[in-house]
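Below is one structure; the comments refer to it alone.
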Amino acid sequence: MKHRIVVLGAGYAGAYAAGNLARRLSPADTEITVVNAVPDFVQRLRLHQLAAGRDIEAPQLVDVFAGTGIQVRVARVTAVDPERRAVAIADAAGGGELGYDTLLYALGSRGASHSVPGAAEHAFDVAARPSALGLRERLDGLGGRGGGGSVVVVGDGLTGIETATEIAESRPGLSVTLIARDELGARLSAGARGHLRRACDRLGITVLEHTGVEAVEAARVLCADGSALASDATVWTGGFAVGPVAAAGGLEVTGSGRIVVDRTMRSVSHPDVYAIGDSVHAVGDNGRPLPMSCGSAGFTGRQAVEAIVGRLTGREIANVKLVHRHNAVSLGRRDGLWQSFDGTGQPKPKYLGGRKAARIKAAIEKGSLWGTSHPTFGLPQRKRRLAAAPDASAENSGRAAA
């Protein structure tokens, strides 16, 4: 009987890992099934651009995995039962259950309103395509790229910054306000923060720093200081949260619901389960948890693949470096920031800003799509056979690999 590998989620982490596993493991011994709620690949890195009016590619997963032997199941994951090694799914046919021998959990995250009254009902987010398209429709209703209206973006993280600058540049007739709980760009170096302020000034974005939000209404945002901001479209970018499936299934998770894993991305409570991407609580080489990011998705995905292949084939497991090296931030189409970080996670004083940084971010976006659309390109041609009796308790993570 073949070893059944089920991958939950086909975002950047899940799609990459599934393709790598298909290339490196023999189909004579393994079968790989990818479960995803939608039939296409969503470029989450670019959803703020989709909301602002750009056309974004969405390749079909059956085309992405064509020729790999991977089975694609378009369905929503409703439950995980790690004791029985089964996953409950719901689809157009009514759903059912999938059994597995190895589970790779990559369901990612979603926008989090943090229980702020009205945020879920009245604000858009750019964490999922339906909401991004809803925001686009609302902006179009304000008169397209030349019409008037007010947009309030809540959240001063990278998503909020990219969303505010993209909308302001693409739709100059709109009045855009960015609400920052702390100092704008607090996670950036002093020089990068200065560049960001100049970009906001150039684009006509009003920035409100050290401002909390108490509630969101249909046509205004209520701030903690008692003020109210008129808003024809409110965008909530105040953070991300994972779904309840892992916690409900009995996997050991953090207080925020992210799966706790060892250095090889294997669940500390259930050794047949691995977690990657935004779903995982992974500690980096500097002793700090990796942030939810595309970069982290790549690192954790590569490490999980090394661990699964190593354990199933009885080979040594390579350690992938788990580091948060940099942030690439778009500030519209013609401006951007490239911020590097030191070993402790602090921003380095030197940064890159302007058109060159924007081109780097665009190249990352293009490369991420190409890599996902060609999941087995450049990997070893030899497909490894499984060991006669893979040791599920092996803890071999000896040699390092970048």
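Numbering starts fresh at 1 for the residues of each chain in the structure tokens, the chains themselves are lettered A, B, ... in the order given, and ligands are numbered from 1 as they appear.
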
Q: Name all residues at most 6 Å from region 262-270 of chain A (count only C-alpha atoms; drop same-chain ones fewer than 5 positions away) and give them as a list in words.
A: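 Residues meeting the cut-off are Glu252, Ala275, Gln303, Ala304 and Ala307 of chain A.
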
Q: Write out as a ChimeraX atom specification each polymer residue whose atoms come within 8 Å of region 132-143 of chain A, counting only C-alpha atoms; drop sequence neighbours fewer than 5 positions from it.
A: /A:47-48,50-53,124-127,148-149,232-233,235

Q. Between A:Pro117, A:Gly277, A:Gly11, A:Gly96, which is the closest to Ala215 (chain A) once you count only C-alpha atoms?
A.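 Of A:Pro117, A:Gly277, A:Gly11, A:Gly96, the one nearest Ala215 (chain A) is A:Pro117, counting only C-alpha atoms.
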
Q: Tell me which of A:Asn286, A:Ser175, A:Thr159, A:Thr237 sits closest to Ser113 (chain A), counting only C-alpha atoms.
A: A:Thr237

Q) Using only C-alpha atoms, which of the listed residues (A:Ala28, A:Val87, A:Leu312, A:Ala358) sits closest to Val329 (chain A)? A)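 Nearest candidate to Val329 (chain A) out of A:Ala28, A:Val87, A:Leu312, A:Ala358: A:Ala358.
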
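The residue that comes closest to Gly354 (chain A), out of A:Ala75, A:Leu208, A:Leu196, A:Ala218 and on the basis of only C-alpha atoms, is A:Leu196.
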
(Q) Residues within 8 Å of Gly204 (chain A), please, as a list of chain:residue names. Count only C-alpha atoms; anything in the same chain fewer than 3 positions from it doesn't count. (A)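 These residues fall inside the cut-off: A:Ala168, A:Ser175, A:Val176, A:Cys200, A:Asp201.
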
Next, dump the selected residues to file, keeping only C-alpha atoms, as a CSV table (one decimal), in the first residue's frame.
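Once everything was written out, this is out-v8.csv:
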```
chain,number,residue,atom,x,y,z
A,168,ALA,CA,-3.4,56.4,-3.4
A,175,SER,CA,-8.6,60.7,-0.1
A,176,VAL,CA,-6.5,58.1,1.7
A,200,CYS,CA,3.1,59.1,1.9
A,201,ASP,CA,3.5,62.9,1.6
```

**Q.** Coordinates-based distance that separates CA of Arg187 (chain A) from CA of Arg288 (chain A) (Å, one decimal)
**A.**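 Going from CA of Arg288 (chain A) over to CA of Arg187 (chain A) covers 15.2 Å.
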
Q) Which of these, A:Ala228, A:Ala246, A:Ala297, A:Ile167, has the shortest distance to Ala10 (chain A) once you count only C-alpha atoms? A) A:Ala297

Q) Pick the closest to Val38 (chain A) from A:Arg202, A:Arg110, A:Arg220, A:Arg73: which is it, counting only C-alpha atoms? A)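 Nearest to Val38 (chain A): A:Arg73.
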
Q.
Please extract the residues of region 54-100 of chain A with a backbone DSSP assignment of strand (DSSP E or B) and present them as a ChimeraX atom specification.
A. /A:60,71-74,76-81,86-90,96-99

Q: Might you pull out every residue within 10 Å of Gly343 (chain A), with only C-alpha atoms counted and same-chain residues fewer than 3 positions away left off, and present them as a PyMOL selection string?
A: chain A and resi 285-287+323-325+346-348

I need the residues from that last selection saved to file as an mmCIF file, in the first residue's frame (with N, CA and C atoms), if you can.
```
data_model
loop_
_atom_site.group_PDB
_atom_site.id
_atom_site.type_symbol
_atom_site.label_atom_id
_atom_site.label_comp_id
_atom_site.auth_asym_id
_atom_site.auth_seq_id
_atom_site.Cartn_x
_atom_site.Cartn_y
_atom_site.Cartn_z
ATOM 1 N N ASP A 285 16.474 30.644 13.876
ATOM 2 C CA ASP A 285 17.816 30.380 14.381
ATOM 3 C C ASP A 285 18.264 31.409 15.406
ATOM 4 N N ASN A 286 17.586 32.550 15.475
ATOM 5 C CA ASN A 286 17.926 33.567 16.476
ATOM 6 C C ASN A 286 17.118 33.402 17.764
ATOM 7 N N GLY A 287 16.348 32.317 17.859
ATOM 8 C CA GLY A 287 15.572 32.051 19.057
ATOM 9 C C GLY A 287 14.241 32.769 19.113
ATOM 10 N N VAL A 323 15.815 32.001 9.096
ATOM 11 C CA VAL A 323 16.220 33.370 9.413
ATOM 12 C C VAL A 323 15.273 34.361 8.753
ATOM 13 N N HIS A 324 15.066 35.499 9.425
ATOM 14 C CA HIS A 324 14.289 36.595 8.848
ATOM 15 C C HIS A 324 15.293 37.643 8.395
ATOM 16 N N ARG A 325 15.610 37.646 7.116
ATOM 17 C CA ARG A 325 16.711 38.460 6.603
ATOM 18 C C ARG A 325 16.293 39.867 6.200
ATOM 19 N N GLN A 346 16.615 42.915 14.456
ATOM 20 C CA GLN A 346 16.523 44.376 14.442
ATOM 21 C C GLN A 346 16.907 44.922 13.064
ATOM 22 N N PRO A 347 16.249 45.996 12.607
ATOM 23 C CA PRO A 347 16.571 46.539 11.289
ATOM 24 C C PRO A 347 17.977 47.129 11.242
ATOM 25 N N LYS A 348 18.683 46.863 10.171
ATOM 26 C CA LYS A 348 19.996 47.462 9.972
ATOM 27 C C LYS A 348 19.821 48.912 9.547
#
```
